[in-house]
file structure.cif (mmCIF, C-alpha atoms)
data_start
loop_
_atom_site.label_atom_id
_atom_site.label_comp_id
_atom_site.auth_asym_id
_atom_site.auth_seq_id
_atom_site.Cartn_x
_atom_site.Cartn_y
_atom_site.Cartn_z
CA MET R 1 29.84 -69.78 -12.05
CA ALA R 2 26.46 -69.96 -10.35
CA ASP R 3 22.99 -68.47 -10.50
CA VAL R 4 22.64 -66.52 -7.26
CA THR R 5 19.47 -65.10 -5.75
CA LEU R 6 20.19 -61.69 -4.24
CA LEU R 7 17.97 -60.87 -1.30
CA ASP R 8 17.42 -57.31 -0.13
CA GLY R 9 18.93 -56.05 3.12
CA SER R 10 17.40 -54.76 6.30
CA ILE R 11 13.80 -53.63 5.95
CA GLY R 12 12.91 -52.85 9.55
CA GLN R 13 16.16 -51.16 10.53
CA GLU R 14 16.28 -49.23 7.27
CA LEU R 15 12.76 -47.94 7.90
CA VAL R 16 13.65 -46.87 11.43
CA LYS R 17 16.78 -45.09 10.20
CA ARG R 18 15.03 -43.27 7.37
CA SER R 19 12.12 -42.20 9.55
CA GLY R 20 14.34 -40.25 11.92
CA ASP R 21 11.90 -41.14 14.71
CA ARG R 22 12.80 -42.50 18.10
CA PRO R 23 12.65 -46.33 18.12
CA THR R 24 9.69 -47.96 19.87
CA PRO R 25 8.95 -51.56 20.91
CA LEU R 26 6.75 -51.78 17.79
CA TRP R 27 9.92 -51.21 15.73
CA SER R 28 9.28 -50.91 11.98
CA THR R 29 5.57 -51.58 12.41
CA ARG R 30 5.25 -48.18 14.07
CA VAL R 31 7.10 -46.50 11.20
CA MET R 32 4.87 -48.24 8.66
CA ILE R 33 1.76 -47.02 10.47
CA ASP R 34 3.01 -43.44 10.55
CA LYS R 35 4.85 -43.29 7.19
CA PRO R 36 3.66 -46.09 4.91
CA ASP R 37 5.06 -44.58 1.71
CA LEU R 38 8.55 -44.75 3.21
CA LEU R 39 8.30 -48.52 2.99
CA ALA R 40 7.78 -48.43 -0.77
CA GLU R 41 10.88 -46.23 -1.05
CA VAL R 42 12.94 -48.78 0.89
CA HIS R 43 11.82 -51.67 -1.33
CA ALA R 44 12.52 -49.62 -4.45
CA ALA R 45 16.01 -48.73 -3.21
CA TYR R 46 16.88 -52.40 -2.84
CA PHE R 47 15.57 -53.29 -6.28
CA ARG R 48 17.66 -50.47 -7.76
CA SER R 49 20.68 -51.86 -5.93
CA GLY R 50 20.29 -55.22 -7.65
CA ALA R 51 18.14 -57.27 -5.26
CA THR R 52 15.66 -59.63 -6.88
CA ILE R 53 13.58 -60.26 -3.75
CA ALA R 54 11.45 -57.79 -1.77
CA THR R 55 10.97 -59.01 1.80
CA THR R 56 7.71 -57.76 3.25
CA ASN R 57 7.66 -55.65 6.40
CA THR R 58 5.67 -58.31 8.25
CA TYR R 59 8.44 -59.67 10.45
CA ALA R 60 6.86 -58.29 13.63
CA ILE R 61 3.21 -58.39 12.62
CA HIS R 62 1.93 -61.11 14.93
CA ARG R 63 -1.11 -60.87 17.19
CA SER R 64 1.11 -61.87 20.10
CA ARG R 65 3.19 -58.73 19.47
CA LEU R 66 0.43 -56.31 18.48
CA VAL R 67 -1.64 -57.09 21.57
CA ARG R 68 0.98 -55.39 23.73
CA ALA R 69 0.20 -52.11 21.98
CA GLY R 70 -3.54 -52.71 21.89
CA ILE R 71 -3.68 -52.77 18.08
CA GLU R 72 -4.24 -56.45 17.39
CA ASP R 73 -7.48 -55.51 15.60
CA GLN R 74 -5.35 -53.76 12.94
CA MET R 75 -3.44 -56.87 11.95
CA SER R 76 -5.10 -57.40 8.56
CA ILE R 77 -4.69 -53.70 7.71
CA LEU R 78 -1.00 -53.81 8.58
CA VAL R 79 -0.44 -56.93 6.51
CA ASP R 80 -2.19 -55.32 3.56
CA THR R 81 -0.07 -52.18 3.90
CA ALA R 82 3.14 -54.21 3.94
CA LEU R 83 2.11 -56.26 0.93
CA SER R 84 0.84 -53.33 -1.11
CA ARG R 85 4.08 -51.36 -0.70
CA ALA R 86 6.16 -54.36 -1.79
CA GLU R 87 3.86 -54.81 -4.78
CA GLN R 88 4.18 -51.13 -5.61
CA ALA R 89 7.97 -51.37 -5.78
CA ARG R 90 7.87 -54.59 -7.80
CA ARG R 91 5.63 -53.13 -10.48
CA SER R 92 8.46 -50.97 -11.76
CA ALA R 93 11.37 -53.30 -11.00
CA GLY R 94 10.24 -56.91 -11.36
CA GLY R 95 11.46 -59.55 -8.93
CA ARG R 96 9.72 -61.67 -6.34
CA ILE R 97 8.05 -60.96 -3.01
CA ALA R 98 8.99 -62.95 0.08
CA GLY R 99 6.49 -62.92 2.92
CA ALA R 100 8.54 -62.42 6.09
CA LEU R 101 7.54 -64.44 9.14
CA GLY R 102 9.45 -63.46 12.27
CA PRO R 103 9.43 -64.98 15.76
CA LEU R 104 6.05 -64.90 17.48
CA LEU R 105 7.25 -63.41 20.74
CA ALA R 106 10.70 -61.84 20.39
CA SER R 107 13.92 -62.15 18.43
CA TYR R 108 16.85 -64.10 19.91
CA ARG R 109 14.66 -65.38 22.77
CA PRO R 110 14.51 -69.18 22.53
CA ASP R 111 13.96 -69.20 26.29
CA LEU R 112 10.36 -68.05 25.71
CA ASN R 113 9.54 -71.52 24.33
CA PRO R 114 6.46 -70.88 22.17
CA ASP R 115 4.04 -73.80 22.16
CA PRO R 116 4.34 -75.49 18.74
CA ASP R 117 0.58 -76.10 18.43
CA ASP R 118 -0.26 -72.46 19.16
CA ALA R 119 2.62 -71.25 17.00
CA ALA R 120 1.50 -73.39 14.08
CA ARG R 121 -2.01 -71.89 14.28
CA GLN R 122 -0.69 -68.33 14.38
CA PHE R 123 1.71 -68.86 11.49
CA ALA R 124 -1.02 -70.58 9.47
CA ASP R 125 -3.38 -67.62 10.01
CA LEU R 126 -0.75 -65.15 8.84
CA ALA R 127 0.28 -67.32 5.91
CA GLU R 128 -3.34 -67.52 4.79
CA MET R 129 -3.58 -63.72 4.79
CA MET R 130 -0.49 -63.42 2.61
CA ALA R 131 -0.36 -66.50 0.38
CA ASP R 132 -2.15 -65.07 -2.65
CA ARG R 133 0.18 -62.07 -2.81
CA VAL R 134 3.65 -63.50 -2.15
CA ASP R 135 5.91 -65.78 -4.16
CA LEU R 136 7.39 -67.53 -1.14
CA PHE R 137 7.49 -67.42 2.65
CA LEU R 138 10.69 -66.54 4.47
CA ILE R 139 10.70 -67.77 8.08
CA GLU R 140 13.31 -65.59 9.77
CA THR R 141 15.59 -65.53 12.80
CA VAL R 142 14.64 -68.97 14.10
CA SER R 143 16.63 -69.46 17.29
CA SER R 144 15.62 -72.97 18.39
CA ILE R 145 14.35 -76.30 17.12
CA LEU R 146 11.03 -75.61 18.84
CA GLU R 147 10.60 -72.28 17.03
CA ALA R 148 11.37 -73.98 13.73
CA GLU R 149 8.76 -76.68 14.32
CA GLY R 150 5.92 -74.25 14.94
CA ALA R 151 6.75 -72.08 11.94
CA LEU R 152 7.25 -74.99 9.57
CA ARG R 153 4.02 -76.64 10.67
CA GLY R 154 2.15 -73.37 10.20
CA THR R 155 3.39 -72.87 6.65
CA ALA R 156 3.26 -76.50 5.51
CA ASN R 157 -0.09 -76.07 3.75
CA SER R 158 0.43 -72.52 2.49
CA GLY R 159 0.77 -73.58 -1.13
CA LYS R 160 3.96 -71.53 -1.51
CA PRO R 161 7.66 -72.39 -1.25
CA VAL R 162 9.10 -71.93 2.23
CA TRP R 163 12.61 -70.77 3.04
CA LEU R 164 13.81 -71.38 6.59
CA ALA R 165 16.34 -68.92 8.03
CA LEU R 166 18.10 -69.88 11.26
CA SER R 167 19.99 -67.59 13.62
CA VAL R 168 23.20 -68.91 15.17
CA LEU R 169 25.39 -67.80 18.03
CA ASP R 170 27.70 -64.94 17.07
CA GLU R 171 30.64 -66.75 18.66
CA ASP R 172 29.78 -70.25 17.35
CA GLY R 173 28.09 -70.70 14.01
CA THR R 174 27.56 -74.41 14.62
CA ARG R 175 24.95 -73.70 17.31
CA LEU R 176 21.54 -72.08 17.25
CA ARG R 177 20.99 -69.20 19.67
CA SER R 178 19.30 -71.73 21.96
CA GLY R 179 22.65 -73.51 22.27
CA GLU R 180 21.31 -76.52 20.36
CA ALA R 181 23.54 -77.97 17.66
CA LEU R 182 22.64 -76.54 14.27
CA GLU R 183 22.85 -80.03 12.77
CA ASP R 184 19.89 -81.04 14.94
CA ILE R 185 17.60 -79.15 12.54
CA ALA R 186 18.05 -82.00 10.03
CA PRO R 187 14.99 -84.09 11.05
CA LEU R 188 12.65 -81.09 10.69
CA VAL R 189 14.15 -80.22 7.32
CA ALA R 190 13.65 -83.80 6.18
CA ARG R 191 10.06 -83.80 7.47
CA PHE R 192 8.88 -80.45 6.05
CA ALA R 193 11.23 -80.11 3.06
CA PRO R 194 11.65 -76.32 2.92
CA GLN R 195 12.87 -75.19 -0.48
CA ALA R 196 15.95 -73.55 1.05
CA VAL R 197 17.72 -73.30 4.40
CA LEU R 198 19.52 -70.09 5.28
CA ILE R 199 21.45 -68.50 8.13
CA ASN R 200 20.39 -64.99 9.12
CA CYS R 201 20.80 -62.23 11.67
CA ALA R 202 24.17 -63.30 13.07
CA ARG R 203 27.60 -61.74 12.71
CA PRO R 204 29.09 -62.48 9.26
CA GLU R 205 32.07 -64.12 10.92
CA ALA R 206 29.76 -66.85 12.27
CA ILE R 207 28.33 -67.72 8.87
CA PRO R 208 31.05 -69.92 7.30
CA ALA R 209 30.90 -72.54 10.06
CA ALA R 210 27.10 -72.56 9.86
CA LEU R 211 27.16 -73.07 6.10
CA GLU R 212 29.40 -76.10 6.53
CA VAL R 213 26.57 -77.63 8.57
CA ILE R 214 23.54 -76.72 6.46
CA GLU R 215 25.14 -77.60 3.13
CA LYS R 216 24.76 -81.24 4.24
CA LEU R 217 20.96 -80.93 4.40
CA GLY R 218 20.52 -81.57 0.70
CA CYS R 219 18.75 -78.38 -0.34
CA PRO R 220 19.77 -74.94 -1.61
CA PHE R 221 21.36 -72.84 1.13
CA GLY R 222 22.65 -69.36 1.80
CA ALA R 223 22.97 -66.56 4.31
CA TYR R 224 22.29 -62.93 5.18
CA ALA R 225 24.12 -61.52 8.18
CA ASN R 226 23.53 -58.52 10.42
CA GLY R 227 25.80 -55.60 11.17
CA PHE R 228 25.42 -55.45 14.94
CA THR R 229 28.40 -55.60 17.26
CA GLY R 230 26.44 -58.27 19.14
CA ILE R 231 23.14 -58.92 20.88
CA THR R 232 23.16 -57.08 24.21
CA ASP R 233 21.55 -58.13 27.48
CA ASP R 234 19.37 -55.00 27.35
CA PHE R 235 17.87 -56.14 24.05
CA LEU R 236 16.96 -59.50 25.58
CA GLN R 237 14.58 -57.86 28.06
CA ASP R 238 10.81 -57.63 27.52
CA ALA R 239 9.66 -55.13 24.85
CA PRO R 240 13.14 -53.81 23.95
CA THR R 241 13.92 -51.10 21.40
CA VAL R 242 16.64 -51.31 18.78
CA ASP R 243 18.65 -48.51 20.34
CA ALA R 244 19.85 -51.20 22.77
CA LEU R 245 21.96 -52.55 19.88
CA GLU R 246 25.06 -50.98 18.37
CA SER R 247 25.97 -51.03 14.71
CA ARG R 248 29.47 -51.97 13.60
CA HIS R 249 31.79 -49.41 12.03
CA ASP R 250 34.00 -51.95 10.29
CA LEU R 251 31.37 -53.49 8.03
CA GLY R 252 30.93 -51.10 5.12
CA PRO R 253 29.58 -52.21 1.73
CA ASP R 254 32.88 -53.55 0.40
CA ALA R 255 33.72 -55.40 3.62
CA TYR R 256 30.27 -56.99 3.73
CA ALA R 257 30.46 -58.00 0.07
CA LEU R 258 33.77 -59.71 0.74
CA HIS R 259 32.16 -61.81 3.47
CA ALA R 260 29.20 -62.71 1.27
CA MET R 261 31.38 -63.67 -1.68
CA GLY R 262 33.11 -66.11 0.65
CA TRP R 263 29.73 -67.70 1.33
CA VAL R 264 29.12 -68.02 -2.39
CA ALA R 265 32.49 -69.69 -2.72
CA GLN R 266 31.24 -72.22 -0.14
CA GLY R 267 28.26 -73.02 -2.38
CA ALA R 268 25.64 -70.54 -1.16
CA THR R 269 23.17 -69.62 -3.89
CA ILE R 270 21.03 -67.20 -1.86
CA VAL R 271 22.69 -64.19 -0.22
CA GLY R 272 21.66 -60.77 1.04
CA GLY R 273 21.68 -58.72 4.20
CA CYS R 274 19.90 -58.45 7.52
CA CYS R 275 19.82 -55.68 10.16
CA GLU R 276 22.23 -52.78 9.54
CA VAL R 277 22.89 -53.96 5.98
CA GLY R 278 21.47 -51.38 3.60
CA PRO R 279 21.06 -50.68 -0.13
CA ASP R 280 24.69 -49.62 -0.56
CA HIS R 281 25.81 -52.99 0.83
CA ILE R 282 23.51 -54.83 -1.57
CA LYS R 283 24.77 -52.80 -4.53
CA ALA R 284 28.38 -53.64 -3.64
CA LEU R 285 27.44 -57.30 -3.39
CA ALA R 286 25.59 -57.21 -6.72
CA ASP R 287 28.62 -55.63 -8.36
CA SER R 288 30.92 -58.26 -6.84
CA LEU R 289 28.70 -61.12 -8.00
CA ARG R 290 28.59 -59.84 -11.56
CA SER R 291 32.32 -59.12 -11.63
CA ALA R 292 32.97 -62.72 -10.58
CA GLY R 293 30.81 -63.98 -13.45
CA HIS R 294 27.77 -65.04 -11.44
CA THR R 295 24.24 -64.48 -12.74
CA ILE R 296 21.82 -62.77 -10.34
CA VAL R 297 18.40 -64.40 -10.54
#
call {"tool": "encode", "arguments": {"input": "structure.cif", "output": "structure tokens"}}
result
Amino acid sequence: MADVTLLDGSIGQELVKRSGDRPTPLWSTRVMIDKPDLLAEVHAAYFRSGATIATTNTYAIHRSRLVRAGIEDQMSILVDTALSRAEQARRSAGGRIAGALGPLLASYRPDLNPDPDDAARQFADLAEMMADRVDLFLIETVSSILEAEGALRGTANSGKPVWLALSVLDEDGTRLRSGEALEDIAPLVARFAPQAVLINCARPEAIPAALEVIEKLGCPFGAYANGFTGITDDFLQDAPTVDALESRHDLGPDAYALHAMGWVAQGATIVGGCCEVGPDHIKALADSLRSAGHTIV
């Protein structure tokens, strides 16, 4: 039996759902601006479900994203709001805080090719804002080798552990969303030595093949999948909203837990959920882990 870290599930999508508001290109950042206390409720719900990590609602807080809405001057305020609500939930539940670092320009868009030098500077600025208040950094939904380089360079001197989460093709877990072979991430992992390598925001069916690749990297590994039917062409346009994506109806809490327990059987020691995976899914997974004799840490 293993010690398993249980991540939370979706933060952004859960906020959008609970708000009842129409989705905007600012996604969960807009909800946090309008209803900041809702964020603390989401974090608390995941801790109650058994998660031991609170992932901050900073995935989309990048100057390159905020400038589109003319609110780039609010970046430090938004970061503070995200951190303070995670801290609020942790005070009563314990656990760790992971500082989420999403793609600079857009999710699932490796074609945008962010310049690694510029990306490194932007990630370093954000990491500096957050480092004193998080336990680790979670680089999320990395879709290409180039994206990984910029984010890893930007967090290399943060003074905190870094977890790298890569997003693979829904139909081929051995390839990043860029089409590059997942195994080609190995030189960057060797160079920057992230504490863990994960797979995130892909269909759960794609995860097993991806884990077979990353388990060879020599560091702890794991996964947290999404519950979308797939990534649509409409979502790959400029400034999309999440209503361009459809949630699955065959991936309830028990079904998701079954997938994740398969990942644990492959050796994963970090599991959780991404978009469309909520507190009920995490509770079912926590129950399954304990029933199988694993210790949640």
call {"tool": "resolve_selection", "arguments": {"input": "structure.cif", "expression": "the PyMOL selection byres ((chain R and resi 120) around 9)", "output": "list in words"}}
result
Asp115, Pro116, Asp117, Asp118, Ala119, Arg121, Gln122, Phe123, Ala124, Asp125, Glu149, Gly150, Ala151, Leu152, Arg153, Gly154 and Thr155 of chain R
call {"tool": "closest_residue", "arguments": {"input": "structure.cif", "among": "R:Gln13, R:Asn113, R:Asn57, R:Gln74", "to": "Ala148 (chain R)", "atoms": "all atoms listed in the file"}}
result
R:Asn113
call {"tool": "resolve_selection", "arguments": {"input": "structure.cif", "expression": "the PyMOL selection byres ((chain R and resi 162) around 7)", "output": "list in words"}}
result
Leu136, Phe137, Leu138, Lys160, Pro161, Trp163, Leu164, Pro194 and Gln195 of chain R
call {"tool": "closest_atom_pairs", "arguments": {"input": "structure.cif", "of": "region 139-166 of chain R", "to": "region 60-67 of chain R", "cutoff": "12 Å", "atoms": "all atoms listed in the file", "output": "tab-separated table"}}
result
residue	atom	partner	partner_atom	distance
R:Ile139	CA	R:Ala60	CA	11.6
R:Glu140	CA	R:Ala60	CA	10.5
R:Thr141	CA	R:Ala60	CA	11.4
call {"tool": "residues_around", "arguments": {"input": "structure.cif", "residues": "region 2-8 of chain R", "least_positions_apart": "6", "cutoff": "6 Å", "atoms": "all atoms listed in the file", "output": "ChimeraX atom specification"}}
result
/R:46,51-53,269-272,294-297
call {"tool": "atom_distance", "arguments": {"input": "structure.cif", "atom1": "CA of Ala286 (chain R)", "atom2": "CA of Met32 (chain R)"}}
result
27.3 Å
call {"tool": "closest_residue", "arguments": {"input": "structure.cif", "among": "R:Arg191, R:Lys216, R:Arg133, R:Arg85", "to": "Gly99 (chain R)", "atoms": "all atoms listed in the file"}}
result
R:Arg133
call {"tool": "residues_near_point", "arguments": {"input": "structure.cif", "point": "(6.0, -51.7, -3.9)", "cutoff": "8 Å", "atoms": "only C-alpha atoms", "output": "short mmCIF file (atom, residue, chain, number, x, y, z; two decimals) with C-alpha atoms, in the coordinates of the input"}}
result
data_model
loop_
_atom_site.label_atom_id
_atom_site.label_comp_id
_atom_site.auth_asym_id
_atom_site.auth_seq_id
_atom_site.Cartn_x
_atom_site.Cartn_y
_atom_site.Cartn_z
CA LEU R 39 8.30 -48.52 2.99
CA ALA R 40 7.78 -48.43 -0.77
CA GLU R 41 10.88 -46.23 -1.05
CA HIS R 43 11.82 -51.67 -1.33
CA ALA R 44 12.52 -49.62 -4.45
CA LEU R 83 2.11 -56.26 0.93
CA SER R 84 0.84 -53.33 -1.11
CA ARG R 85 4.08 -51.36 -0.70
CA ALA R 86 6.16 -54.36 -1.79
CA GLU R 87 3.86 -54.81 -4.78
CA GLN R 88 4.18 -51.13 -5.61
CA ALA R 89 7.97 -51.37 -5.78
CA ARG R 90 7.87 -54.59 -7.80
CA ARG R 91 5.63 -53.13 -10.48
#
call {"tool": "residues_near_point", "arguments": {"input": "structure.cif", "point": "(20.1, -58.6, 5.6)", "cutoff": "8 Å", "atoms": "all atoms listed in the file", "output": "number ranges by chain"}}
result
R: 7-10, 200-201, 224-226, 272-278
call {"tool": "write_last_selection", "arguments": {"input": "structure.cif", "atoms": "C-alpha atoms", "output": "short mmCIF file (atom, residue, chain, number, x, y, z; two decimals), in the frame of the given file"}}
result
data_model
loop_
_atom_site.label_atom_id
_atom_site.label_comp_id
_atom_site.auth_asym_id
_atom_site.auth_seq_id
_atom_site.Cartn_x
_atom_site.Cartn_y
_atom_site.Cartn_z
CA LEU R 7 17.97 -60.87 -1.30
CA ASP R 8 17.42 -57.31 -0.13
CA GLY R 9 18.93 -56.05 3.12
CA SER R 10 17.40 -54.76 6.30
CA ASN R 200 20.39 -64.99 9.12
CA CYS R 201 20.80 -62.23 11.67
CA TYR R 224 22.29 -62.93 5.18
CA ALA R 225 24.12 -61.52 8.18
CA ASN R 226 23.53 -58.52 10.42
CA GLY R 272 21.66 -60.77 1.04
CA GLY R 273 21.68 -58.72 4.20
CA CYS R 274 19.90 -58.45 7.52
CA CYS R 275 19.82 -55.68 10.16
CA GLU R 276 22.23 -52.78 9.54
CA VAL R 277 22.89 -53.96 5.98
CA GLY R 278 21.47 -51.38 3.60
#
call {"tool": "atom_distance", "arguments": {"input": "structure.cif", "atom1": "CA of Ala100 (chain R)", "atom2": "CA of Thr55 (chain R)"}}
result
6.0 Å
call {"tool": "closest_residue", "arguments": {"input": "structure.cif", "among": "R:Trp263, R:Leu217, R:Ala82, R:Ala98", "to": "Ala190 (chain R)", "atoms": "all atoms listed in the file"}}
result
R:Leu217
call {"tool": "atom_distance", "arguments": {"input": "structure.cif", "atom1": "CA of Val197 (chain R)", "atom2": "CA of Gly267 (chain R)"}}
result
12.5 Å
call {"tool": "resolve_selection", "arguments": {"input": "structure.cif", "expression": "the PyMOL selection byres ((chain R and resi 285) around 9)", "output": "compact mmCIF listing (two decimals) with C-alpha atoms, in the coordinates of the input"}}
result
# COMPACT_ATOMS: atom_id res chain seq x y z
CA LEU R 6 20.19 -61.69 -4.24
CA GLY R 50 20.29 -55.22 -7.65
CA PRO R 253 29.58 -52.21 1.73
CA ASP R 254 32.88 -53.55 0.40
CA TYR R 256 30.27 -56.99 3.73
CA ALA R 257 30.46 -58.00 0.07
CA LEU R 258 33.77 -59.71 0.74
CA ALA R 260 29.20 -62.71 1.27
CA MET R 261 31.38 -63.67 -1.68
CA VAL R 271 22.69 -64.19 -0.22
CA GLY R 272 21.66 -60.77 1.04
CA ASP R 280 24.69 -49.62 -0.56
CA HIS R 281 25.81 -52.99 0.83
CA ILE R 282 23.51 -54.83 -1.57
CA LYS R 283 24.77 -52.80 -4.53
CA ALA R 284 28.38 -53.64 -3.64
CA ALA R 286 25.59 -57.21 -6.72
CA ASP R 287 28.62 -55.63 -8.36
CA SER R 288 30.92 -58.26 -6.84
CA LEU R 289 28.70 -61.12 -8.00
CA ARG R 290 28.59 -59.84 -11.56
call {"tool": "residues_around", "arguments": {"input": "structure.cif", "residues": "Arg248 (chain R)", "least_positions_apart": "2", "cutoff": "9 Å", "atoms": "only C-alpha atoms", "output": "PyMOL selection string"}}
result
chain R and resi 227-230+246+250-252+276
call {"tool": "write_last_selection", "arguments": {"input": "structure.cif", "atoms": "C-alpha atoms", "output": "PDB file, keeping the file's coordinate frame"}}
result
ATOM      1  CA  GLY R 227      25.800 -55.600  11.170  1.00  0.00           C
ATOM      2  CA  PHE R 228      25.420 -55.450  14.940  1.00  0.00           C
ATOM      3  CA  THR R 229      28.400 -55.600  17.260  1.00  0.00           C
ATOM      4  CA  GLY R 230      26.440 -58.270  19.140  1.00  0.00           C
ATOM      5  CA  GLU R 246      25.060 -50.980  18.370  1.00  0.00           C
ATOM      6  CA  ASP R 250      34.000 -51.950  10.290  1.00  0.00           C
ATOM      7  CA  LEU R 251      31.370 -53.490   8.030  1.00  0.00           C
ATOM      8  CA  GLY R 252      30.930 -51.100   5.120  1.00  0.00           C
ATOM      9  CA  GLU R 276      22.230 -52.780   9.540  1.00  0.00           C
TER      10      GLU R 276
END
call {"tool": "closest_residue", "arguments": {"input": "structure.cif", "among": "R:Leu188, R:Ala206, R:Leu169, R:Ala181", "to": "Ala156 (chain R)", "atoms": "only C-alpha atoms"}}
result
R:Leu188
call {"tool": "closest_residue", "arguments": {"input": "structure.cif", "among": "R:Ile214, R:Tyr108, R:Ala223, R:Trp27", "to": "His259 (chain R)", "atoms": "all atoms listed in the file"}}
result
R:Ala223
